[in-house]
$ cat work16.txt   # compact mmCIF, C-alpha atoms and all ligand atoms
# COMPACT_ATOMS: atom_id res chain seq x y z
CA MET A 165 -2.15 -3.37 8.05
CA ALA A 166 -5.11 -5.51 6.92
CA GLY A 167 -4.61 -8.47 4.58
CA THR A 168 -5.44 -8.47 0.87
CA GLU A 169 -8.70 -10.01 -0.37
CA ILE A 170 -7.57 -12.86 -2.62
CA THR A 171 -10.81 -13.87 -4.33
CA GLY A 172 -11.03 -12.03 -7.64
CA ALA A 173 -7.64 -10.31 -7.19
CA THR A 174 -4.85 -10.43 -9.75
CA ALA A 175 -1.72 -12.04 -8.32
CA LEU A 176 1.63 -11.95 -10.10
CA VAL A 177 4.12 -14.63 -9.07
CA THR A 178 7.74 -14.64 -10.28
CA GLY A 179 9.46 -18.00 -10.62
CA ALA A 180 6.13 -19.78 -11.12
CA SER A 181 7.50 -22.56 -13.34
CA ARG A 182 8.46 -24.90 -10.47
CA GLY A 183 9.15 -25.23 -6.75
CA PHE A 184 7.68 -22.76 -4.27
CA GLY A 185 6.55 -20.36 -7.00
CA ARG A 186 4.46 -22.98 -8.75
CA ALA A 187 2.91 -24.08 -5.44
CA ILE A 188 2.16 -20.45 -4.50
CA ALA A 189 0.50 -19.91 -7.91
CA GLU A 190 -1.59 -23.06 -7.39
CA ALA A 191 -2.63 -22.03 -3.85
CA LEU A 192 -3.53 -18.48 -4.91
CA SER A 193 -5.53 -19.84 -7.83
CA ALA A 194 -7.34 -22.27 -5.49
CA ALA A 195 -8.16 -19.28 -3.27
CA GLY A 196 -9.84 -17.52 -6.20
CA ALA A 197 -7.11 -15.24 -7.60
CA ARG A 198 -6.33 -14.71 -11.26
CA VAL A 199 -2.64 -15.56 -11.42
CA VAL A 200 0.04 -14.24 -13.76
CA GLY A 201 3.09 -16.52 -13.56
CA VAL A 202 6.49 -15.37 -14.83
CA ALA A 203 9.54 -17.56 -15.56
CA ARG A 204 11.80 -18.55 -18.46
CA ASP A 205 10.72 -22.19 -18.89
CA ARG A 206 7.94 -21.99 -21.48
CA ASP A 207 7.00 -25.69 -21.29
CA ALA A 208 6.72 -25.70 -17.50
CA LEU A 209 4.50 -22.61 -17.58
CA ALA A 210 2.36 -24.25 -20.27
CA GLY A 211 1.95 -27.25 -17.97
CA LEU A 212 0.71 -24.99 -15.18
CA ARG A 213 -1.67 -23.28 -17.58
CA ALA A 214 -3.06 -26.70 -18.54
CA GLU A 215 -3.59 -27.43 -14.84
CA LEU A 216 -5.10 -24.08 -13.78
CA GLY A 217 -6.91 -23.08 -16.98
CA ASP A 218 -7.93 -19.56 -17.98
CA ALA A 219 -7.37 -18.20 -14.49
CA PHE A 220 -3.61 -18.56 -15.12
CA THR A 221 -1.66 -16.34 -17.53
CA PRO A 222 1.86 -17.57 -18.33
CA VAL A 223 4.54 -15.00 -19.17
CA VAL A 224 7.92 -16.18 -20.44
CA ALA A 225 10.46 -13.58 -19.35
CA ASP A 226 13.66 -12.91 -17.42
CA VAL A 227 12.57 -11.25 -14.17
CA THR A 228 15.92 -9.49 -13.70
CA ASP A 229 15.09 -7.24 -16.67
CA PRO A 230 13.77 -3.93 -15.28
CA ASN A 231 11.66 -3.42 -18.40
CA VAL A 232 9.88 -6.70 -17.71
CA ALA A 233 9.01 -5.53 -14.18
CA GLY A 234 7.70 -2.16 -15.37
CA HIS A 235 5.79 -3.59 -18.32
CA LEU A 236 4.08 -6.39 -16.36
CA ILE A 237 3.13 -4.23 -13.39
CA ASP A 238 1.63 -1.62 -15.72
CA ALA A 239 -0.17 -4.27 -17.78
CA HIS A 240 -1.63 -6.34 -14.91
CA ARG A 241 -1.82 -3.91 -11.95
CA PRO A 242 -1.55 -6.84 -9.47
CA ARG A 243 -3.04 -6.53 -5.98
CA ILE A 244 -0.72 -9.37 -4.95
CA LEU A 245 2.93 -9.54 -6.02
CA VAL A 246 5.06 -12.51 -4.99
CA LEU A 247 8.78 -11.97 -5.68
CA ASN A 248 9.87 -15.58 -5.48
CA ALA A 249 12.28 -16.18 -8.39
CA GLY A 250 15.81 -17.08 -7.45
CA ALA A 251 18.94 -18.66 -8.86
CA SER A 252 20.21 -22.00 -7.59
CA PRO A 253 23.61 -21.36 -5.97
CA LEU A 254 26.62 -23.38 -7.14
CA PRO A 255 27.26 -25.42 -3.97
CA ARG A 256 30.96 -25.05 -3.15
CA PRO A 257 33.13 -23.92 -0.22
CA LEU A 258 34.08 -20.25 -0.28
CA HIS A 259 37.53 -20.55 -1.87
CA GLN A 260 36.16 -22.69 -4.72
CA HIS A 261 33.80 -19.92 -5.83
CA THR A 262 34.64 -17.44 -8.54
CA TRP A 263 33.32 -13.91 -8.13
CA GLN A 264 30.67 -14.78 -10.74
CA SER A 265 29.37 -17.78 -8.81
CA PHE A 266 29.71 -15.99 -5.45
CA SER A 267 27.66 -13.02 -6.62
CA GLN A 268 24.99 -14.92 -8.61
CA ALA A 269 22.25 -14.43 -6.01
CA TRP A 270 22.93 -10.68 -6.10
CA ASP A 271 22.70 -10.60 -9.89
CA VAL A 272 19.44 -12.56 -9.96
CA ASP A 273 17.58 -12.62 -6.62
CA VAL A 274 18.47 -9.15 -5.32
CA LYS A 275 18.39 -7.45 -8.71
CA HIS A 276 14.93 -8.89 -9.36
CA ALA A 277 13.64 -7.92 -5.90
CA PHE A 278 15.04 -4.40 -6.32
CA HIS A 279 13.52 -3.72 -9.76
CA TRP A 280 10.08 -5.14 -8.93
CA THR A 281 9.88 -3.51 -5.48
CA ARG A 282 10.84 -0.18 -7.01
CA GLU A 283 8.16 -0.53 -9.71
CA ALA A 284 5.55 -1.49 -7.08
CA LEU A 285 6.27 1.76 -5.22
CA LEU A 286 6.49 3.89 -8.37
CA ALA A 287 3.28 2.55 -9.96
CA PRO A 288 2.09 2.65 -7.13
CA LEU A 289 0.11 -0.56 -6.54
CA GLU A 290 -3.41 -0.01 -5.18
CA PRO A 291 -3.81 0.60 -1.43
CA GLY A 292 -4.46 -2.75 0.23
CA SER A 293 -2.01 -4.57 -2.06
CA THR A 294 0.55 -7.02 -0.66
CA VAL A 295 4.08 -7.62 -1.92
CA VAL A 296 5.79 -10.79 -0.64
CA ALA A 297 9.55 -11.20 -1.19
CA MET A 298 11.32 -14.54 -0.75
CA SER A 299 14.31 -14.20 1.51
CA SER A 300 15.74 -17.33 3.19
CA GLY A 301 16.41 -18.87 6.58
CA ALA A 302 20.02 -18.84 5.37
CA SER A 303 20.00 -15.07 5.91
CA LEU A 304 19.83 -15.76 9.67
CA GLN A 305 22.46 -18.48 10.09
CA GLY A 306 24.56 -18.29 6.91
CA SER A 307 25.00 -20.83 4.14
CA PRO A 308 28.70 -21.70 3.85
CA LEU A 309 28.41 -23.62 0.56
CA SER A 310 26.34 -20.99 -1.25
CA GLY A 311 28.76 -18.11 -1.80
CA GLY A 312 26.98 -14.78 -1.45
CA TYR A 313 23.50 -16.31 -1.21
CA ALA A 314 22.85 -15.74 2.53
CA GLY A 315 23.96 -12.10 2.32
CA ALA A 316 21.87 -11.55 -0.79
CA LYS A 317 18.80 -12.97 0.93
CA ALA A 318 19.46 -10.70 3.95
CA ALA A 319 19.60 -7.78 1.51
CA ILE A 320 16.16 -8.78 0.20
CA ARG A 321 14.78 -8.74 3.74
CA PHE A 322 16.24 -5.24 4.32
CA LEU A 323 15.09 -3.98 0.93
CA THR A 324 11.56 -5.18 1.67
CA SER A 325 11.52 -3.47 5.07
CA TYR A 326 12.79 -0.23 3.47
CA ALA A 327 9.95 -0.46 0.93
CA ALA A 328 7.44 -0.94 3.79
CA GLY A 329 8.82 2.25 5.34
CA GLU A 330 8.53 4.19 2.07
CA SER A 331 4.95 2.94 1.62
CA ASP A 332 4.11 4.19 5.14
CA ARG A 333 5.85 7.55 4.60
CA ALA A 334 3.94 8.19 1.39
CA GLY A 335 0.64 6.78 2.73
CA LEU A 336 0.48 4.26 -0.14
CA GLY A 337 -1.15 1.48 1.87
CA ILE A 338 0.98 -1.22 0.20
CA ARG A 339 2.08 -3.98 2.57
CA PHE A 340 5.59 -5.37 2.01
CA VAL A 341 6.51 -8.60 3.82
CA SER A 342 9.44 -11.00 3.51
CA VAL A 343 9.39 -14.77 3.96
CA LEU A 344 12.41 -16.79 5.12
CA PRO A 345 11.86 -20.47 4.21
CA ARG A 346 13.92 -23.12 5.90
CA LEU A 347 16.04 -25.30 3.57
CA THR A 348 13.95 -28.13 2.11
CA PRO A 349 14.73 -30.86 -0.44
CA ALA A 350 11.26 -30.37 -1.94
CA THR A 351 12.46 -28.06 -4.72
CA GLU A 352 15.23 -28.16 -7.33
CA LEU A 353 17.20 -25.43 -5.55
CA GLY A 354 16.73 -27.04 -2.15
CA SER A 355 17.55 -30.59 -3.24
CA HIS A 356 20.86 -29.44 -4.79
CA ALA A 357 21.75 -27.70 -1.53
CA VAL A 358 20.73 -30.66 0.66
CA THR A 359 22.83 -33.07 -1.45
CA ALA A 360 25.82 -30.74 -1.19
CA TYR A 361 25.52 -30.20 2.58
CA ALA A 362 25.11 -33.94 3.23
CA ALA A 363 28.33 -34.64 1.28
CA TYR A 364 30.14 -31.71 2.99
CA TYR A 365 29.34 -33.10 6.44
CA GLY A 366 30.16 -36.69 5.38
CA MET A 367 26.57 -37.90 5.66
CA ASP A 368 24.18 -39.60 3.29
CA VAL A 369 21.20 -37.50 2.26
CA ALA A 370 18.69 -39.47 4.33
CA SER A 371 20.76 -39.09 7.53
CA TYR A 372 21.32 -35.40 6.87
CA LEU A 373 17.59 -34.83 6.36
CA ALA A 374 16.73 -36.83 9.48
CA SER A 375 19.08 -34.56 11.46
CA GLN A 376 17.16 -31.49 10.23
CA GLY A 377 13.66 -32.51 11.36
CA PRO A 378 10.46 -32.43 9.29
CA ALA A 379 10.96 -30.82 5.88
CA LEU A 380 8.78 -28.04 4.49
CA THR A 381 6.76 -29.17 1.45
CA THR A 382 5.91 -26.98 -1.53
CA GLU A 383 2.20 -27.39 -0.73
CA GLN A 384 2.79 -26.06 2.79
CA ALA A 385 4.75 -23.14 1.33
CA GLY A 386 1.94 -22.32 -1.09
CA LYS A 387 -0.74 -22.43 1.57
CA SER A 388 1.34 -20.52 4.13
CA VAL A 389 2.20 -17.70 1.71
CA THR A 390 -1.46 -17.49 0.65
CA GLY A 391 -2.48 -17.33 4.33
CA LEU A 392 0.04 -14.57 4.94
CA ILE A 393 -1.34 -12.54 2.03
CA GLY A 394 -4.89 -12.87 3.32
CA GLY A 395 -3.84 -12.27 6.93
CA ASP A 396 -2.73 -9.06 8.56
CA GLY A 397 0.89 -9.66 9.60
CA ALA A 398 3.75 -7.30 8.78
CA GLY A 399 7.53 -7.58 8.70
CA ALA A 400 9.49 -10.80 8.17
CA PHE A 401 8.34 -14.41 8.69
CA LEU A 402 10.27 -17.64 9.16
CA LEU A 403 8.61 -20.44 7.15
CA THR A 404 9.03 -24.04 8.32
CA SER A 405 6.96 -27.21 8.18
CA GLU A 406 5.15 -25.79 11.23
CA GLY A 407 4.02 -22.73 9.26
CA MET A 408 4.85 -19.00 9.43
CA ARG A 409 6.44 -17.45 12.51
CA PRO A 410 6.93 -13.66 12.69
CA LEU A 411 10.50 -12.51 13.35
CA SER A 412 11.08 -9.58 15.65
N1 LIG B 501 14.05 -24.48 -1.55
C1 LIG B 501 14.58 -24.00 -0.45
O1 LIG B 501 15.02 -24.78 0.42
C2 LIG B 501 14.61 -22.51 -0.22
C3 LIG B 501 14.96 -22.07 1.08
C4 LIG B 501 14.98 -20.70 1.31
C5 LIG B 501 14.65 -19.81 0.31
N2 LIG B 501 14.31 -20.26 -0.92
C6 LIG B 501 13.96 -19.26 -1.95
O2 LIG B 501 12.66 -19.55 -2.46
C7 LIG B 501 12.59 -19.09 -3.82
C8 LIG B 501 12.08 -20.23 -4.70
O3 LIG B 501 13.04 -21.27 -4.62
P1 LIG B 501 12.74 -22.78 -5.07
O4 LIG B 501 13.39 -23.61 -4.03
O5 LIG B 501 11.34 -22.95 -5.40
O6 LIG B 501 13.69 -22.84 -6.36
P2 LIG B 501 13.53 -23.55 -7.79
O7 LIG B 501 12.71 -24.77 -7.69
O8 LIG B 501 14.91 -23.66 -8.34
O9 LIG B 501 12.69 -22.46 -8.62
C9 LIG B 501 13.25 -21.21 -8.92
C10 LIG B 501 12.28 -20.44 -9.79
O10 LIG B 501 12.87 -19.17 -10.11
C11 LIG B 501 12.76 -18.97 -11.51
N3 LIG B 501 13.83 -18.10 -12.00
C12 LIG B 501 15.15 -18.14 -11.70
N4 LIG B 501 15.82 -17.19 -12.36
C13 LIG B 501 14.90 -16.53 -13.12
C14 LIG B 501 14.98 -15.45 -14.05
N5 LIG B 501 16.13 -14.82 -14.31
N6 LIG B 501 13.84 -15.03 -14.64
C15 LIG B 501 12.66 -15.66 -14.39
N7 LIG B 501 12.52 -16.67 -13.52
C16 LIG B 501 13.64 -17.10 -12.89
C17 LIG B 501 12.81 -20.37 -12.10
O11 LIG B 501 12.18 -20.38 -13.36
P3 LIG B 501 12.90 -20.59 -14.80
O12 LIG B 501 14.13 -21.39 -14.59
O13 LIG B 501 11.81 -21.27 -15.60
O14 LIG B 501 13.17 -19.20 -15.27
C18 LIG B 501 11.98 -21.14 -11.10
O15 LIG B 501 10.62 -21.02 -11.39
C19 LIG B 501 13.99 -18.61 -4.19
O16 LIG B 501 14.06 -17.20 -4.07
C20 LIG B 501 14.88 -19.28 -3.16
O17 LIG B 501 16.09 -18.59 -2.92
C21 LIG B 501 14.28 -21.60 -1.22
$ encode --input "work16.txt" --output "structure tokens"
Amino acid sequence: MAGTEITGATALVTGASRGFGRAIAEALSAAGARVVGVARDRDALAGLRAELGDAFTPVVADVTDPNVAGHLIDAHRPRILVLNAGASPLPRPLHQHTWQSFSQAWDVDVKHAFHWTREALLAPLEPGSTVVAMSSGASLQGSPLSGGYAGAKAAIRFLTSYAAGESDRAGLGIRFVSVLPRLTPATELGSHAVTAYAAYYGMDVASYLASQGPALTTEQAGKSVTGLIGGDGAGAFLLTSEGMRPLS
């Protein structure tokens, strides 16, 4: 399926207040999109608005609310939808989790991906639209300090592939792709995880990071996701400091 023309398109990015989401909003804006950024941190969104100007519309909302998904998709009719928002897992070994902390990524990340993906199909978005969902490299190898996070991110990859199938079956022409970033200390979520894993393995943070190889930056993530939207790939993509690699 062909990529989506970014210049002049409306892109909606969830979790745009910081981290990957902010960098993706910046990269899409630089590529000529009008960007709607959704998150709960009003001040951080205002900062991004000050940086990007009128081409950026901040929306303060909880993306796990299904009414928010329906309302914003109806109001903005995005050609590009980036489902990036996610909760930062409480970093603890399995037996130190409660059910609430274990299931947090299901209650936030998966719930959000489900509601917004469903609304994208129901609307439906225009043919030629692209929906990108943030899964995680953890969905491939596990994440023993993050409770149910790795399984939740695998569910997002499946959910996205099911949506791609439904789009094909109904001839909607909406492309659904998932992105699996490798753990990086470049974001709040990632730096909490890196600190926890370094301590778990009895290493200092610098030694742990050195053992992992070059870290993905938020700028690389923004540019890579923007390239994926404009390109013609389908399916799931591993995202590292070397860029996007399609997964079979
Ligand atoms: N960093 C990594 O190493 C890594 C690796 C693999 C996958 N990922 C995935 O990449 C995505 C972005 O992660 P990140 O590292 O950039 O994390 P981050 O810096 O912690 O940012 C998370 C974003 O999600 C938003 N968010 C969380 N819950 C929300 C809610 N209920 N409603 C609205 N917005 C919400 C936050 O905004 P507010 O707090 O302002 O609402 C924030 O903008 C996540 O899905 C994460 O699982 C990250």
$ residues_around --input "work16.txt" --residues "Phe340 (chain A)" --least-positions-apart "5" --cutoff "9 Å" --atoms "all atoms listed in the file" --output "number ranges by chain"
A: 281, 293-297, 324-329, 331, 398-399
$ write_last_selection --input "work16.txt" --atoms "C-alpha atoms" --output "PDB file, keeping the file's coordinate frame"
ATOM      1  CA  THR A 281       9.880  -3.510  -5.480  1.00  0.00           C
ATOM      2  CA  SER A 293      -2.010  -4.570  -2.060  1.00  0.00           C
ATOM      3  CA  THR A 294       0.550  -7.020  -0.660  1.00  0.00           C
ATOM      4  CA  VAL A 295       4.080  -7.620  -1.920  1.00  0.00           C
ATOM      5  CA  VAL A 296       5.790 -10.790  -0.640  1.00  0.00           C
ATOM      6  CA  ALA A 297       9.550 -11.200  -1.190  1.00  0.00           C
ATOM      7  CA  THR A 324      11.560  -5.180   1.670  1.00  0.00           C
ATOM      8  CA  SER A 325      11.520  -3.470   5.070  1.00  0.00           C
ATOM      9  CA  TYR A 326      12.790  -0.230   3.470  1.00  0.00           C
ATOM     10  CA  ALA A 327       9.950  -0.460   0.930  1.00  0.00           C
ATOM     11  CA  ALA A 328       7.440  -0.940   3.790  1.00  0.00           C
ATOM     12  CA  GLY A 329       8.820   2.250   5.340  1.00  0.00           C
ATOM     13  CA  SER A 331       4.950   2.940   1.620  1.00  0.00           C
ATOM     14  CA  ALA A 398       3.750  -7.300   8.780  1.00  0.00           C
ATOM     15  CA  GLY A 399       7.530  -7.580   8.700  1.00  0.00           C
TER      16      GLY A 399
END
$ residues_around --input "work16.txt" --residues "Ser252 (chain A)" --least-positions-apart "4" --cutoff "12 Å" --atoms "all atoms listed in the file" --output "number ranges by chain"
A: 179, 183, 265-273, 309-313, 351-358
$ write_last_selection --input "work16.txt" --atoms "C-alpha atoms" --output "compact mmCIF listing (two decimals), keeping the file's coordinate frame"
# COMPACT_ATOMS: atom_id res chain seq x y z
CA GLY A 179 9.46 -18.00 -10.62
CA GLY A 183 9.15 -25.23 -6.75
CA SER A 265 29.37 -17.78 -8.81
CA PHE A 266 29.71 -15.99 -5.45
CA SER A 267 27.66 -13.02 -6.62
CA GLN A 268 24.99 -14.92 -8.61
CA ALA A 269 22.25 -14.43 -6.01
CA TRP A 270 22.93 -10.68 -6.10
CA ASP A 271 22.70 -10.60 -9.89
CA VAL A 272 19.44 -12.56 -9.96
CA ASP A 273 17.58 -12.62 -6.62
CA LEU A 309 28.41 -23.62 0.56
CA SER A 310 26.34 -20.99 -1.25
CA GLY A 311 28.76 -18.11 -1.80
CA GLY A 312 26.98 -14.78 -1.45
CA TYR A 313 23.50 -16.31 -1.21
CA THR A 351 12.46 -28.06 -4.72
CA GLU A 352 15.23 -28.16 -7.33
CA LEU A 353 17.20 -25.43 -5.55
CA GLY A 354 16.73 -27.04 -2.15
CA SER A 355 17.55 -30.59 -3.24
CA HIS A 356 20.86 -29.44 -4.79
CA ALA A 357 21.75 -27.70 -1.53
CA VAL A 358 20.73 -30.66 0.66
$ axis_aligned_box --input "work16.txt" --around "ligand LIG 501 (chain B)" --padding-each-side "5 Å" --output "AutoDock Vina command-line options"
--center_x 13.4 --center_y -19.8 --center_z -7.1 --size_x 15.5 --size_y 20.0 --size_z 26.9
$ atom_distance --input "work16.txt" --atom1 "CA of Leu289 (chain A)" --atom2 "CA of Val223 (chain A)"
19.7 Å
$ closest_atom_pairs --input "work16.txt" --of "chain A" --to "ligand LIG 501 (chain B)" --cutoff "6 Å" --atoms "all atoms listed in the file" --output "CSV"
residue,atom,partner,partner_atom,distance
A:Gly179,CA,B:LIG501,O15,3.3
A:Ala180,CA,B:LIG501,O15,4.7
A:Ser181,CA,B:LIG501,O15,4.0
A:Arg182,CA,B:LIG501,O15,4.5
A:Gly183,CA,B:LIG501,O5,3.4
A:Phe184,CA,B:LIG501,O5,3.8
A:Gly185,CA,B:LIG501,O5,5.7
A:Ala203,CA,B:LIG501,N7,3.7
A:Arg204,CA,B:LIG501,O14,3.5
A:Asp205,CA,B:LIG501,O13,3.6
A:Ala225,CA,B:LIG501,C15,5.8
A:Asp226,CA,B:LIG501,N6,3.5
A:Val227,CA,B:LIG501,N6,4.0
A:Thr228,CA,B:LIG501,N5,5.4
A:Asn248,CA,B:LIG501,O16,4.7
A:Ala249,CA,B:LIG501,O10,3.5
A:Gly250,CA,B:LIG501,O16,3.8
A:Ala251,CA,B:LIG501,C12,4.8
A:Ser252,CA,B:LIG501,O8,5.6
A:Val272,CA,B:LIG501,N5,5.9
A:Met298,CA,B:LIG501,O16,5.1
A:Ser299,CA,B:LIG501,C5,5.7
A:Ser300,CA,B:LIG501,C4,3.9
A:Gly301,CA,B:LIG501,C4,5.8
A:Pro345,CA,B:LIG501,C4,4.3
A:Arg346,CA,B:LIG501,C3,5.0
A:Leu347,CA,B:LIG501,O1,3.4
A:Thr348,CA,B:LIG501,O1,3.9
A:Thr351,CA,B:LIG501,O7,4.4
A:Glu352,CA,B:LIG501,O7,4.2
A:Leu353,CA,B:LIG501,O8,4.0
A:Gly354,CA,B:LIG501,N1,3.8
$ closest_residue --input "work16.txt" --among "A:Ala191, A:Ala277, A:Arg206, A:Arg243" --to "Asp229 (chain A)" --atoms "all atoms listed in the file"
A:Ala277
$ build_atoms --input "work16.txt" --residues "region 357-379 of chain A" --atoms "N, CA and C atoms" --output "PDB file, in the coordinates of the input"
ATOM      1  N   ALA A 357      21.065 -28.160  -2.749  1.00  0.00           N
ATOM      2  CA  ALA A 357      21.750 -27.700  -1.530  1.00  0.00           C
ATOM      3  C   ALA A 357      21.839 -28.833  -0.508  1.00  0.00           C
ATOM      4  N   VAL A 358      20.739 -29.559  -0.324  1.00  0.00           N
ATOM      5  CA  VAL A 358      20.730 -30.660   0.660  1.00  0.00           C
ATOM      6  C   VAL A 358      21.769 -31.717   0.281  1.00  0.00           C
ATOM      7  N   THR A 359      21.840 -32.078  -0.996  1.00  0.00           N
ATOM      8  CA  THR A 359      22.830 -33.070  -1.450  1.00  0.00           C
ATOM      9  C   THR A 359      24.244 -32.586  -1.153  1.00  0.00           C
ATOM     10  N   ALA A 360      24.480 -31.298  -1.410  1.00  0.00           N
ATOM     11  CA  ALA A 360      25.820 -30.740  -1.190  1.00  0.00           C
ATOM     12  C   ALA A 360      26.173 -30.701   0.302  1.00  0.00           C
ATOM     13  N   TYR A 361      25.223 -30.281   1.135  1.00  0.00           N
ATOM     14  CA  TYR A 361      25.520 -30.200   2.580  1.00  0.00           C
ATOM     15  C   TYR A 361      25.715 -31.591   3.177  1.00  0.00           C
ATOM     16  N   ALA A 362      24.922 -32.573   2.723  1.00  0.00           N
ATOM     17  CA  ALA A 362      25.110 -33.940   3.230  1.00  0.00           C
ATOM     18  C   ALA A 362      26.532 -34.414   2.913  1.00  0.00           C
ATOM     19  N   ALA A 363      26.980 -34.204   1.673  1.00  0.00           N
ATOM     20  CA  ALA A 363      28.330 -34.640   1.280  1.00  0.00           C
ATOM     21  C   ALA A 363      29.395 -33.870   2.075  1.00  0.00           C
ATOM     22  N   TYR A 364      29.180 -32.585   2.272  1.00  0.00           N
ATOM     23  CA  TYR A 364      30.140 -31.710   2.990  1.00  0.00           C
ATOM     24  C   TYR A 364      30.352 -32.206   4.421  1.00  0.00           C
ATOM     25  N   TYR A 365      29.247 -32.642   5.048  1.00  0.00           N
ATOM     26  CA  TYR A 365      29.340 -33.100   6.440  1.00  0.00           C
ATOM     27  C   TYR A 365      29.551 -34.616   6.526  1.00  0.00           C
ATOM     28  N   GLY A 366      29.848 -35.265   5.377  1.00  0.00           N
ATOM     29  CA  GLY A 366      30.160 -36.690   5.380  1.00  0.00           C
ATOM     30  C   GLY A 366      28.977 -37.562   5.719  1.00  0.00           C
ATOM     31  N   MET A 367      27.786 -37.136   5.343  1.00  0.00           N
ATOM     32  CA  MET A 367      26.570 -37.900   5.660  1.00  0.00           C
ATOM     33  C   MET A 367      25.881 -38.304   4.367  1.00  0.00           C
ATOM     34  N   ASP A 368      25.036 -39.361   4.448  1.00  0.00           N
ATOM     35  CA  ASP A 368      24.180 -39.600   3.290  1.00  0.00           C
ATOM     36  C   ASP A 368      22.967 -38.671   3.414  1.00  0.00           C
ATOM     37  N   VAL A 369      22.287 -38.488   2.290  1.00  0.00           N
ATOM     38  CA  VAL A 369      21.200 -37.500   2.260  1.00  0.00           C
ATOM     39  C   VAL A 369      20.123 -37.816   3.284  1.00  0.00           C
ATOM     40  N   ALA A 370      19.763 -39.092   3.400  1.00  0.00           N
ATOM     41  CA  ALA A 370      18.690 -39.470   4.330  1.00  0.00           C
ATOM     42  C   ALA A 370      19.079 -39.123   5.770  1.00  0.00           C
ATOM     43  N   SER A 371      20.320 -39.395   6.160  1.00  0.00           N
ATOM     44  CA  SER A 371      20.760 -39.090   7.530  1.00  0.00           C
ATOM     45  C   SER A 371      20.798 -37.579   7.753  1.00  0.00           C
ATOM     46  N   TYR A 372      21.282 -36.858   6.737  1.00  0.00           N
ATOM     47  CA  TYR A 372      21.320 -35.400   6.870  1.00  0.00           C
ATOM     48  C   TYR A 372      19.901 -34.847   7.071  1.00  0.00           C
ATOM     49  N   LEU A 373      18.973 -35.326   6.245  1.00  0.00           N
ATOM     50  CA  LEU A 373      17.590 -34.830   6.360  1.00  0.00           C
ATOM     51  C   LEU A 373      16.986 -35.209   7.706  1.00  0.00           C
ATOM     52  N   ALA A 374      17.269 -36.410   8.184  1.00  0.00           N
ATOM     53  CA  ALA A 374      16.730 -36.830   9.480  1.00  0.00           C
ATOM     54  C   ALA A 374      17.257 -35.916  10.590  1.00  0.00           C
ATOM     55  N   SER A 375      18.494 -35.438  10.428  1.00  0.00           N
ATOM     56  CA  SER A 375      19.080 -34.560  11.460  1.00  0.00           C
ATOM     57  C   SER A 375      18.441 -33.163  11.449  1.00  0.00           C
ATOM     58  N   GLN A 376      17.742 -32.839  10.379  1.00  0.00           N
ATOM     59  CA  GLN A 376      17.160 -31.490  10.230  1.00  0.00           C
ATOM     60  C   GLN A 376      15.701 -31.394  10.680  1.00  0.00           C
ATOM     61  N   GLY A 377      15.075 -32.545  10.961  1.00  0.00           N
ATOM     62  CA  GLY A 377      13.660 -32.510  11.360  1.00  0.00           C
ATOM     63  C   GLY A 377      12.749 -32.470  10.148  1.00  0.00           C
ATOM     64  N   PRO A 378      11.432 -32.377  10.394  1.00  0.00           N
ATOM     65  CA  PRO A 378      10.460 -32.430   9.290  1.00  0.00           C
ATOM     66  C   PRO A 378      10.721 -31.351   8.240  1.00  0.00           C
ATOM     67  N   ALA A 379      10.663 -31.769   6.963  1.00  0.00           N
ATOM     68  CA  ALA A 379      10.960 -30.820   5.880  1.00  0.00           C
ATOM     69  C   ALA A 379       9.694 -30.115   5.409  1.00  0.00           C
TER      70      ALA A 379
END
